[in-house]
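Peer 1: Mind looking over this structure? Questions follow.
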Protein chains: 4
Amino acid sequence: MNIFTTDRVAALLPRLRTFVAQEIIPLEAAYLHGSFRALEPQLEALRGRVKEMGLWTPHLPVADGGLELTLTEFGMVSEELGRSPLGHYVFNCQAPDIGNMELLHQFATPKQKHTFLEPLMRGEIRSCFAMTEPEFAGSNPVNMATTAVREGDEYVVNGHKWFTSSADGSAFAVTMAVTNPAEAPHKRASMIIVPTNTPGFQLVRNIKIMGDEGDSYASHAEVRFENCRVPASNLLGKEGAGFALAQHRLGPGRIHHCMRFIGICERALDLMCRYAVARELSPGKPLASKQIIQTWIAESRAEIDAARYMVLHTADGIDKNGAQAMKESISTIKFFVANVLQHVLDRAIQTHGALGITDDTVLAYWYRHERAARIYDGPDEVHKTVLARTILKQYGYDVQSA
Amino acid sequence: MNIFTTDRVAALLPRLRTFVAQEIIPLEAAYLHGSFRALEPQLEALRGRVKEMGLWTPHLPVADGGLELTLTEFGMVSEELGRSPLGHYVFNCQAPDIGNMELLHQFATPKQKHTFLEPLMRGEIRSCFAMTEPEFAGSNPVNMATTAVREGDEYVVNGHKWFTSSADGSAFAVTMAVTNPAEAPHKRASMIIVPTNTPGFQLVRNIKIMGDEGDSYASHAEVRFENCRVPASNLLGKEGAGFALAQHRLGPGRIHHCMRFIGICERALDLMCRYAVARELSPGKPLASKQIIQTWIAESRAEIDAARYMVLHTADGIDKNGAQAMKESISTIKFFVANVLQHVLDRAIQTHGALGITDDTVLAYWYRHERAARIYDGPDEVHKTVLARTILKQYGYDVQSA
Amino acid sequence: MNIFTTDRVAALLPRLRTFVAQEIIPLEAAYLHGSFRALEPQLEALRGRVKEMGLWTPHLPVADGGLELTLTEFGMVSEELGRSPLGHYVFNCQAPDIGNMELLHQFATPKQKHTFLEPLMRGEIRSCFAMTEPEFAGSNPVNMATTAVREGDEYVVNGHKWFTSSADGSAFAVTMAVTNPAEAPHKRASMIIVPTNTPGFQLVRNIKIMGDEGDSYASHAEVRFENCRVPASNLLGKEGAGFALAQHRLGPGRIHHCMRFIGICERALDLMCRYAVARELSPGKPLASKQIIQTWIAESRAEIDAARYMVLHTADGIDKNGAQAMKESISTIKFFVANVLQHVLDRAIQTHGALGITDDTVLAYWYRHERAARIYDGPDEVHKTVLARTILKQYGYDVQSA
Amino acid sequence: MNIFTTDRVAALLPRLRTFVAQEIIPLEAAYLHGSFRALEPQLEALRGRVKEMGLWTPHLPVADGGLELTLTEFGMVSEELGRSPLGHYVFNCQAPDIGNMELLHQFATPKQKHTFLEPLMRGEIRSCFAMTEPEFAGSNPVNMATTAVREGDEYVVNGHKWFTSSADGSAFAVTMAVTNPAEAPHKRASMIIVPTNTPGFQLVRNIKIMGDEGDSYASHAEVRFENCRVPASNLLGKEGAGFALAQHRLGPGRIHHCMRFIGICERALDLMCRYAVARELSPGKPLASKQIIQTWIAESRAEIDAARYMVLHTADGIDKNGAQAMKESISTIKFFVANVLQHVLDRAIQTHGALGITDDTVLAYWYRHERAARIYDGPDEVHKTVLARTILKQYGYDVQSA
């Protein structure tokens with residue numbers, strides 16, 4: 001409960017907490033020792049129950065079957081769902097689909113909506129977002145070699161992407177490609193919807209990340225586009241608007257992720273406390289009696305609270321004034337929360353000792369997979385420079401990029 | 001501007017910012033190279049102007065000449081005034097007087113109010129608070145050797161205190177002393193008002209702290225009470241209520257201090273940015289062009305924002321539900337904000353290079369004097385344990401103090 | 001080259017560096033994307049080449065086919081081999097076999113040597129060390145439920161162990177079990193050699209650690225002993241000497257590990273520098289031009305050098321005065337080097353961006369698997385307390401364990 | 001005792017330890033609450049005793065009255081003397097005089113030696129070193145506006161310096177001034193001996209640093225040279241050799257300072273342990289019983305040991321191969337040891353609680369005055385870049401200064 005907690009969210013959150021605890025968390029062990037694909041039947045069943053409960057796609061407008069939450073409210077939902085790696089998927093508000101839904105919702109033509117958005121909202125298909133290229137530093141997204149050349153009524157897409165999350169099993173890839181190479185750097189690229197059954201679309205591999213190739217939704221692919229021909233009507237928005245559209249994804253996406261991180265932190269802190277109380281160093285003397293453990297608990301509590309306030313204030317600012325007005329904060333929460341996440345997970349693992357590095361708890365999974373939090377969407381270091389540039393401008397100095 | 005900014009505070013803050021910048025900060029150099037006492041005539045003149053502007057004692061009710069601000073609103077005021085070490089004094093809302101005013105306001109008898117509170121509110125006298133004793137660890141305040149023995153209509157006070165801030169020149173000392181030694185530890189002490197002209201009250205020395213003895217308001221004394229006889233009517237509240245009353249001082253006091261720290265941080269960040277832009281490494285290449293400096297600026301911005309949100313949420317919670325309900329947060333902000341303060345000051349000094357360690361800027365003053373922030377009111381380590389204890393109780397484990 | 005570099009080691013190290021670089025590192029990709037077991041034929045071939053080069057089991061006396069290195073010299077060898085996760089195995093000086101060889105060398109009977117040590121030294125078999133139990137905190141090793149009851153000429157072993165590294169495929173397990181429950185805690189346990197084909201010896205599972213079950217040598221097992229009957233002559237040393245023998249393993253083992261960590265650090269720093277120079281942010285502007293990257297490189301260099309000096313001084317002290325005399329340093333290097341390792345790996349990964357979290361470099365492997373460095377052999381926190389206890393004893397205070 | 005401890009140093013160190021403890025440390029309180037100047041008679045007496053003991057100017061050759069120690073040996077001496085802020089002065093090996101003695105020893109003419117070096121070695125006069133200018137960033141020392149123009153047999157010096165340590169009371173200032181403005185940047189400046197009684201030499205002020213103006217030896221001056229005329233024979237070395245000579249001062253000077261820092265750390269750790277054992281939280285329960293305090297003690301021990309090894313290895317390398325060969329290490333120890341110093345002091349102060357921020361111990365003095373350790377001789381950040389540049393050169397990349 002905090003100042004941003006609306007009545008409807010106050011009613012919603014405990015339901016989510018209970019559902020995650022009772023229905024989703026019990027599936028984690030199977031996920032950690034098996035695969036996402038093997039778990040899909042059970043997840044499908046849970047998705048059905050979520051629909052029955054009227055909690056499906058909570059981020060969407062009521063007209064589209066959602067709960068029409070504000071970004072701030074959805075942020076709180078995202079925290080609750082983030083307490084398990086499987087939470088968002090069960091509610092069909094998982095990245096990258098949620099970002100694609102938002103994009104299509106705002107910018108798709110009616111036909112695009114019918115073909116791509118509607119089955120996505122219903123959870124019948126999945127999608128991916130193909131932007132990052134292995135040959136170029138992610139910190140400078142305008143560097144891009146993938147091209148989409150207009151030939152008659154088609155675009156011919158050629159390129160090489162990686163970290164195309166969840167491509168394995170996706171129905172389509174929202175793909176960034178240069179369509180207007182003669183324009184200024186930020187106006188060269190467009191977003192084009194490429195169905196994954198298009199000839200020439202090739203899933204090279206699920207990249208093995210931190211020991212884990214993953215599969216299905218839980219994967220990050222390297223993909224190639226070799227003369228992929230798609231109808232020109234698959235263009236999303238206007239030619240050259242690719243980066244402008246990508247920016248739209250960014251603000252809300254950052255909130256979703258950061259609140260998910262906070263959910264992870266809360267779960268990690270909960271596990272840490274439970275274990276500290278249960279594990280005995282000697283009869284009657286639990287780990288929780290050690291001052292270092294107490295210190296870690298207190299520091300984690302403080303950092304998590306600080307992180308949540310920052311994110312919710314940012315979300316609230318976006319709700320009220322739009323993402324552009326909160327640009328500085330959106331950069332700030334990126335690196336601030338990612339670091340809190342890493343610290344809290346590290347302390348939770350250290351508290352668990354040998355158990356902490358096994359996959360017998362979910363901590364090691366997050367330790368591995370969320371190491372990426374300090375890297376994706378631009379590494380922390382880039383965001384710090386971006387923030388400093390904005391600040392120093394007020395002092396009359398213009399930091400040169402590079 | 002943030003969610004807690006009320007209209008009246010939104011109108012007030014820019015006035016304070018301007019007054020501090022134009023009237024108070026210009027006096028800093030004289031303070032840093034001279035003494036508080038030497039500056040008093042000029043400060044007195046500024047106090048007169050503050051009264052004329054109707055901004056005197058902003059924390060007090062309108063009936064007492066104040067602005068009747070909520071704690072949250074006053075927190076924001078405290079931030080603005082905190083941008084200079086002289087800010088709070090000029091507005092007569094400086095510790096320890098502000099805490100004593102609040103105590104007397106709530107618990108003093110009409111006669112006590114007339115004698116002690118009213119001239120204090122008018123700024124005619126100053127006061128101090130005598131609690132800490134050199135012989136006992138501050139982390140356990142119930143350890144105390146000072147006694148006040150009732151003899152007829154008087155209390156006879158004997159004891160040894162230090163860190164009695166601003167005792168030099170004070171009219172009276174609110175003094176913690178054991179009156180009921182047979183009671184449970186938390187019910188042994190009382191608060192007694194001891195006028196400093198009472199025979200036996202001895203200001204042993206202004207303790208030299210970080211190279212600086214200070215004087216007048218800007219000092220921290222060691223004092224002795226040797227058979228100090230004060231009227232029994234100088235008892236504040238009830239016998240044995242000393243710790244209960246001290247608790248009352250604590251919640252709001254923590255907000256005042258923490259918001260003051262944030263004001264210091266904002267000023268330090270401002271100085272850092274100004275210097276980074278002005279200082280040239282080579283012609284046309286300012287310090288601000290270095291990525292490390294940019295990183296420090298961004299990290300400072302993030303940490304300060306996080307700290308402010310935490311404190312304002314805590315203040316808002318106290319305003320709405322009382323300090324007891326926010327106990328956990330009050331412990332949390334103590335150590336969280338004190339550490340942000342130290343990091344930001346350290347970066348600001350490092351940015352200034354050799355200039356940073358001189359007293360030609362205010363940074364070194366704060367670096368020295370606010371090192372205490374991690375110590376007073378109980379060291380960080382104690383507050384972390386207190387917070388962990390509360391959390392672990394929810395898991396069924398009761399941390400043993402000690 | 002440093003003060004500890006003897007002539008023979010100065011001649012040896014470049015040979016090792018070259019062999020690791022040319023023969024072992026090229027196998028890493030197959031290991032990271034496949035399994036240890038699949039790689040064994042190739043590793044076997046390399047082992048043959050190492051024997052031909054006369055570099056086999058460098059830690060052993062010449063009489064046993066080794067190089068008769070001092071601990072300090074072997075430390076430097078361990079650093080070189082540590083540059084790849086496969087290095088030590090190829091030279092047959094990998095933990096836990098190296099520790100078992102040392103134990104058997106010092107304490108085994110002639111018959112035990114013939115049966116267990118000799119094939120181990122020749123690399124024909126592998127072994128494991130069964131000590132840690134899941135039910136007891138590793139920080140207090142005397143807590144142990146595994147028992148070995150003498151019945152006639154046999155011991156009957158019952159118990160439950162985990163983190164029995166490399167049990168998968170081992171010929172025998174040196175097993176800690178309580179034989180003398182009535183003795184003082186440190187004199188209750190014995191070491192008993194349990195061949196893994198003993199009926200009742202059960203490898204429950206290779207524990208999935210950080211996403212990786214591993215197999216063969218590269219695994220950490222959970223094992224059960226159910227009425228395992230072994231000849232009484234399999235007792236290593238005397239009854240009740242288990243902890244005393246375990247102590248023997250500890251000092252040298254700490255040096256082996258810490259120098260291996262330093263090898264990992266050097267490799268990570270090398271990868272970081274290569275990538276920083278190769279990766280372009282924009283044409284002609286490599287990542288290495290960023291001050292943050294430069295700072296990470298410098299800090300890593302400093303920390304690695306500091307760590308190496310500490311470990312080599314400790315090794316040299318053990319060579320000259322024995323492990324007991326260096327007890328304090330042996331605790332110190334444990335936590336100091338493990339933390340350097342984690343910092344350097346973290347910076348190397350962050351430098352690599354998205355690539356850093358994939359298994360396309362070896363960094364993510366170490367990031368995951370060496371997280372254990374701060375935990376095994378007792379977590380850092382325990383070693384800090386142990387060190388502080390020794391120091392505080394000199395001031396007349398005896399820290400109570402617990 | 002470590003590998004670098006020679007027999008003569010092993011005999012010497014305990015004598016120094018005892019002398020510092022018994023004769024010098026007892027004077028600290030007077031220094032901290034008074035002034036250096038007021039203490040000079042007592043210090044003079046101690047200097048006499050040091051001469052009698054045959055320990056005077058230990059860094060000098062025997063022929064000059066010293067002990068002819070290696071740099072490594074003198075490093076260990078410097079550590080012992082560093083345990084008190086007054087130690088080096090009493091043995092006449094204090095900066096900046098020790099650096100000036102070394103310079104004059106190597107580069108002075110016989111006449112210069114007679115006039116300036118000999119009374120300096122005898123302790124009859126003091127000296128200073130005027131290099132840093134307030135108008136230029138210290139991180140780029142070739143930026144310099146002070147000029148020395150040759151007119152006939154004289155140089156006419158004009159300029160503005162600050163952080164001219166110990167100028168107050170000095171007999172002469174070794175002064176860096178541009179004599180050859182047309183040369184390449186590193187060949188423009190010369191070192192010229194300017195007696196402080198030269199007309200036009202003006203001590204503007206002792207800069208107030210961290211609350212402390214200091215006086216006499218214990219001060220840092222701002223000075224002006226206004227048409228100071230000195231004989232051309234006061235040139236030290238050759239025209240344009242200023243920076244080359246300054247480099248000579250640097251390597252050994254860094255060792256002196258770093259070992260002095262380590263002496264401070266050892267004293268701080270000693271004070272921390274003593275206080276932790278003596279201060280009771282409750283009867284029979286000292287501060288030392290807290291795990292956090294134990295952790296700080298252990299971490300301090302580890303960091304100090306690491307720092308000492310690094311510095312001694314660097315010193316040993318300089319002794320054997322010269323400073324140029326150890327350039328990288330000389331940069332490394334600068335930032336590594338300065339940070340250890342700050343951490344250890346911070347922990348020692350926090351352990352002492354309120355007492356720690358008073359001048360009732362020496363800790364607050366060091367906390368204030370040694371904050372400069374991360375700044376002088378170029379801030380840490382510059383040294384990290386310098387080190388990274390050397391490393392990256394080996395990878396084919398040349399970091400552009402700027």
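Chain labels run A, B, ... following the order of the structure tokens; each chain numbers its residues from 1, and ligands are numbered from 1 in the order shown.
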Can you pull out the residues contacting segment 295-305 of chain B? Cut-off 10 Å, using only C-alpha atoms, and skip same-chain residues under 3 positions away; I want them as JSON, numbers by chain.
Peer 2: {"A": [306, 307, 309, 310, 328, 329, 331, 332, 333, 335, 336, 380, 381, 382, 383, 384, 385, 386, 387, 388, 389, 390, 391, 392], "B": [261, 262, 263, 265, 266, 268, 269, 270, 272, 273, 276, 288, 290, 291, 292, 308, 309, 310, 336, 337, 339, 340, 341, 343, 344, 345, 346, 347, 348, 350, 351], "C": [292]}
Peer 1: Report as JSON, numbers by chain: the residues of segment 180-399 of chain C with a DSSP assignment of strand (DSSP E), based on the backbone of this structure.
Peer 2: {"C": [189, 190, 191, 192, 193, 194, 195, 201, 202, 203, 204, 205, 206, 214, 215, 218, 219, 220, 221, 222, 223, 224, 225, 226, 227, 228, 229, 230, 231, 235, 236, 280, 281, 282, 285, 286]}
Peer 1: For segment 146-160 of chain B, find every residue with an atom within 6 Å (counting only C-alpha atoms), except residues of its own chain fewer than 6 positions away, and show them as a PDB file with C-alpha atoms, in the first residue's frame.
Peer 2:
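New file selection.pdb:
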ATOM      1  CA  ALA B 177      17.827  12.162  33.669  1.00  0.00           C
ATOM      2  CA  VAL B 178      16.899   9.075  35.640  1.00  0.00           C
ATOM      3  CA  THR B 179      14.193   9.920  38.123  1.00  0.00           C
ATOM      4  CA  ARG B 224      28.270  18.645  33.528  1.00  0.00           C
ATOM      5  CA  PHE B 225      25.414  18.928  35.957  1.00  0.00           C
ATOM      6  CA  GLU B 226      26.681  19.211  39.506  1.00  0.00           C
ATOM      7  CA  ASN B 227      23.882  19.393  42.009  1.00  0.00           C
ATOM      8  CA  CYS B 228      21.815  21.554  39.682  1.00  0.00           C
ATOM      9  CA  ARG B 229      18.644  22.448  41.523  1.00  0.00           C
ATOM     10  CA  VAL B 230      15.616  23.237  39.386  1.00  0.00           C
ATOM     11  CA  PRO B 231      11.972  23.656  40.407  1.00  0.00           C
ATOM     12  CA  ALA B 232       9.987  20.435  40.225  1.00  0.00           C
TER      13      ALA B 232
END
Peer 1: Write out as a PyMOL selection string which residues come within 8 Å of segment 193-210 of chain C when counting only C-alpha atoms, dropping same-chain ones fewer than 6 positions away.
Peer 2: (chain A and resi 33+211+357-360+364-365+368) or (chain C and resi 163+167-168+170-175+219-230+234-236+368-369)
Peer 1: Pick the closest to chain B from A:Leu16, A:Leu287, A:Met121, A:Met53: which is it, counting only C-alpha atoms?
Peer 2: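 Nearest to chain B: A:Leu287.
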Peer 1: Based on the backbone DSSP call, show me all residues of segment 52-103 of chain D assigned alpha helix (DSSP H), as JSON, numbers by chain.
Peer 2: {"D": [52, 71, 72, 73, 74, 75, 76, 77, 78, 79, 80, 81, 87, 88, 89, 90, 97, 98, 99, 100, 101, 102, 103]}
Peer 1: Within 9 Å of Asn100 of chain B, counting only C-alpha atoms, which residues qualify if same-chain residues fewer than 6 places away don't, as a PDB file with C-alpha atoms, in the first residue's frame?
Peer 2:
ATOM      1  CA  LEU B 117       8.579  28.129  24.451  1.00  0.00           C
ATOM      2  CA  LEU B 120      12.159  30.345  21.700  1.00  0.00           C
ATOM      3  CA  SER B 127      17.999  25.875  23.665  1.00  0.00           C
ATOM      4  CA  CYS B 128      19.717  22.513  23.691  1.00  0.00           C
ATOM      5  CA  PHE B 129      18.917  18.877  24.351  1.00  0.00           C
ATOM      6  CA  VAL B 174      15.992  19.865  27.976  1.00  0.00           C
ATOM      7  CA  ARG B 249      10.919  14.050  18.791  1.00  0.00           C
TER       8      ARG B 249
END
Peer 1: Would you pick out the contacts of Glu118 of chain B at 12 Å or less, using only C-alpha atoms, so that residues sharing its chain but fewer than 3 positions from it are not included, and give the list as a ChimeraX atom specification?
Peer 2: /B:57,60,63-65,97,100-102,104-105,108,110-115,121-126
Peer 1: Take the residues from that selection and write them out as an mmCIF file, in the first residue's frame, keeping N, CA and C atoms.
Peer 2:
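Full text of part_7.cif as output:
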data_model
loop_
_atom_site.group_PDB
_atom_site.id
_atom_site.type_symbol
_atom_site.label_atom_id
_atom_site.label_comp_id
_atom_site.auth_asym_id
_atom_site.auth_seq_id
_atom_site.Cartn_x
_atom_site.Cartn_y
_atom_site.Cartn_z
ATOM 1 N N THR B 57 9.615 30.666 11.382
ATOM 2 C CA THR B 57 9.176 29.397 12.014
ATOM 3 C C THR B 57 8.090 28.692 11.194
ATOM 4 N N LEU B 60 5.598 25.973 12.577
ATOM 5 C CA LEU B 60 4.638 26.191 13.670
ATOM 6 C C LEU B 60 3.226 26.447 13.136
ATOM 7 N N ALA B 63 -1.323 30.108 14.566
ATOM 8 C CA ALA B 63 -1.551 30.806 15.833
ATOM 9 C C ALA B 63 -0.236 31.164 16.519
ATOM 10 N N ASP B 64 0.783 30.374 16.264
ATOM 11 C CA ASP B 64 2.079 30.644 16.893
ATOM 12 C C ASP B 64 3.025 31.395 15.961
ATOM 13 N N GLY B 65 2.480 31.864 14.876
ATOM 14 C CA GLY B 65 3.324 32.668 13.984
ATOM 15 C C GLY B 65 3.936 31.882 12.848
ATOM 16 N N ASP B 97 16.535 23.330 18.337
ATOM 17 C CA ASP B 97 15.423 24.166 18.817
ATOM 18 C C ASP B 97 14.083 23.705 18.271
ATOM 19 N N ASN B 100 12.799 20.917 20.283
ATOM 20 C CA ASN B 100 12.360 21.392 21.597
ATOM 21 C C ASN B 100 11.043 22.165 21.497
ATOM 22 N N MET B 101 10.910 22.971 20.454
ATOM 23 C CA MET B 101 9.628 23.677 20.268
ATOM 24 C C MET B 101 8.486 22.686 20.144
ATOM 25 N N GLU B 102 8.684 21.637 19.366
ATOM 26 C CA GLU B 102 7.628 20.643 19.177
ATOM 27 C C GLU B 102 7.284 19.940 20.483
ATOM 28 N N LEU B 104 7.779 21.106 23.585
ATOM 29 C CA LEU B 104 7.139 22.037 24.517
ATOM 30 C C LEU B 104 5.714 22.336 24.052
ATOM 31 N N HIS B 105 5.560 22.420 22.769
ATOM 32 C CA HIS B 105 4.228 22.681 22.228
ATOM 33 C C HIS B 105 3.253 21.605 22.645
ATOM 34 N N ALA B 108 4.300 20.877 27.244
ATOM 35 C CA ALA B 108 4.631 21.830 28.304
ATOM 36 C C ALA B 108 3.369 22.342 28.993
ATOM 37 N N PRO B 110 1.241 25.456 30.702
ATOM 38 C CA PRO B 110 1.129 26.859 30.255
ATOM 39 C C PRO B 110 2.283 27.709 30.758
ATOM 40 N N LYS B 111 2.676 27.472 31.995
ATOM 41 C CA LYS B 111 3.773 28.276 32.538
ATOM 42 C C LYS B 111 5.089 27.970 31.817
ATOM 43 N N GLN B 112 5.343 26.704 31.603
ATOM 44 C CA GLN B 112 6.553 26.329 30.848
ATOM 45 C C GLN B 112 6.522 26.954 29.464
ATOM 46 N N LYS B 113 5.368 26.936 28.850
ATOM 47 C CA LYS B 113 5.256 27.530 27.524
ATOM 48 C C LYS B 113 5.614 29.010 27.565
ATOM 49 N N HIS B 114 5.040 29.674 28.538
ATOM 50 C CA HIS B 114 5.289 31.111 28.636
ATOM 51 C C HIS B 114 6.782 31.403 28.837
ATOM 52 N N THR B 115 7.364 30.632 29.746
ATOM 53 C CA THR B 115 8.760 30.917 30.104
ATOM 54 C C THR B 115 9.760 30.462 29.046
ATOM 55 N N MET B 121 10.212 30.540 20.279
ATOM 56 C CA MET B 121 9.513 30.713 19.003
ATOM 57 C C MET B 121 9.818 32.087 18.399
ATOM 58 N N ARG B 122 9.987 33.054 19.277
ATOM 59 C CA ARG B 122 10.294 34.405 18.773
ATOM 60 C C ARG B 122 11.763 34.547 18.378
ATOM 61 N N GLY B 123 12.545 33.529 18.694
ATOM 62 C CA GLY B 123 13.967 33.587 18.344
ATOM 63 C C GLY B 123 14.777 34.444 19.287
ATOM 64 N N GLU B 124 14.269 34.691 20.458
ATOM 65 C CA GLU B 124 15.000 35.519 21.416
ATOM 66 C C GLU B 124 16.028 34.708 22.206
ATOM 67 N N ILE B 125 15.733 33.446 22.339
ATOM 68 C CA ILE B 125 16.673 32.569 23.044
ATOM 69 C C ILE B 125 16.911 31.333 22.185
ATOM 70 N N ARG B 126 17.920 30.586 22.579
ATOM 71 C CA ARG B 126 18.150 29.272 22.001
ATOM 72 C C ARG B 126 18.134 28.222 23.095
#
Peer 1: Please, what distance in Å, to one decimal, runs between atom CA of Lys327 of chain B and atom CA of Arg374 of chain B?
Peer 2: 18.1 Å
Peer 1: Need the shell around Lys187 of chain B: protein/DNA/RNA residues with any atom at most 9 Å away, counting only C-alpha atoms. Skip same-chain ones fewer than 2 positions apart. Format as a PyMOL selection string?
Peer 2: chain B and resi 142+178+180-185+189-190+239-244
Peer 1: Would you work out the distance separating atom CA of Glu280 of chain B from atom CA of Asp398 of chain A, expressed in Å to one decimal?
Peer 2: 14.2 Å
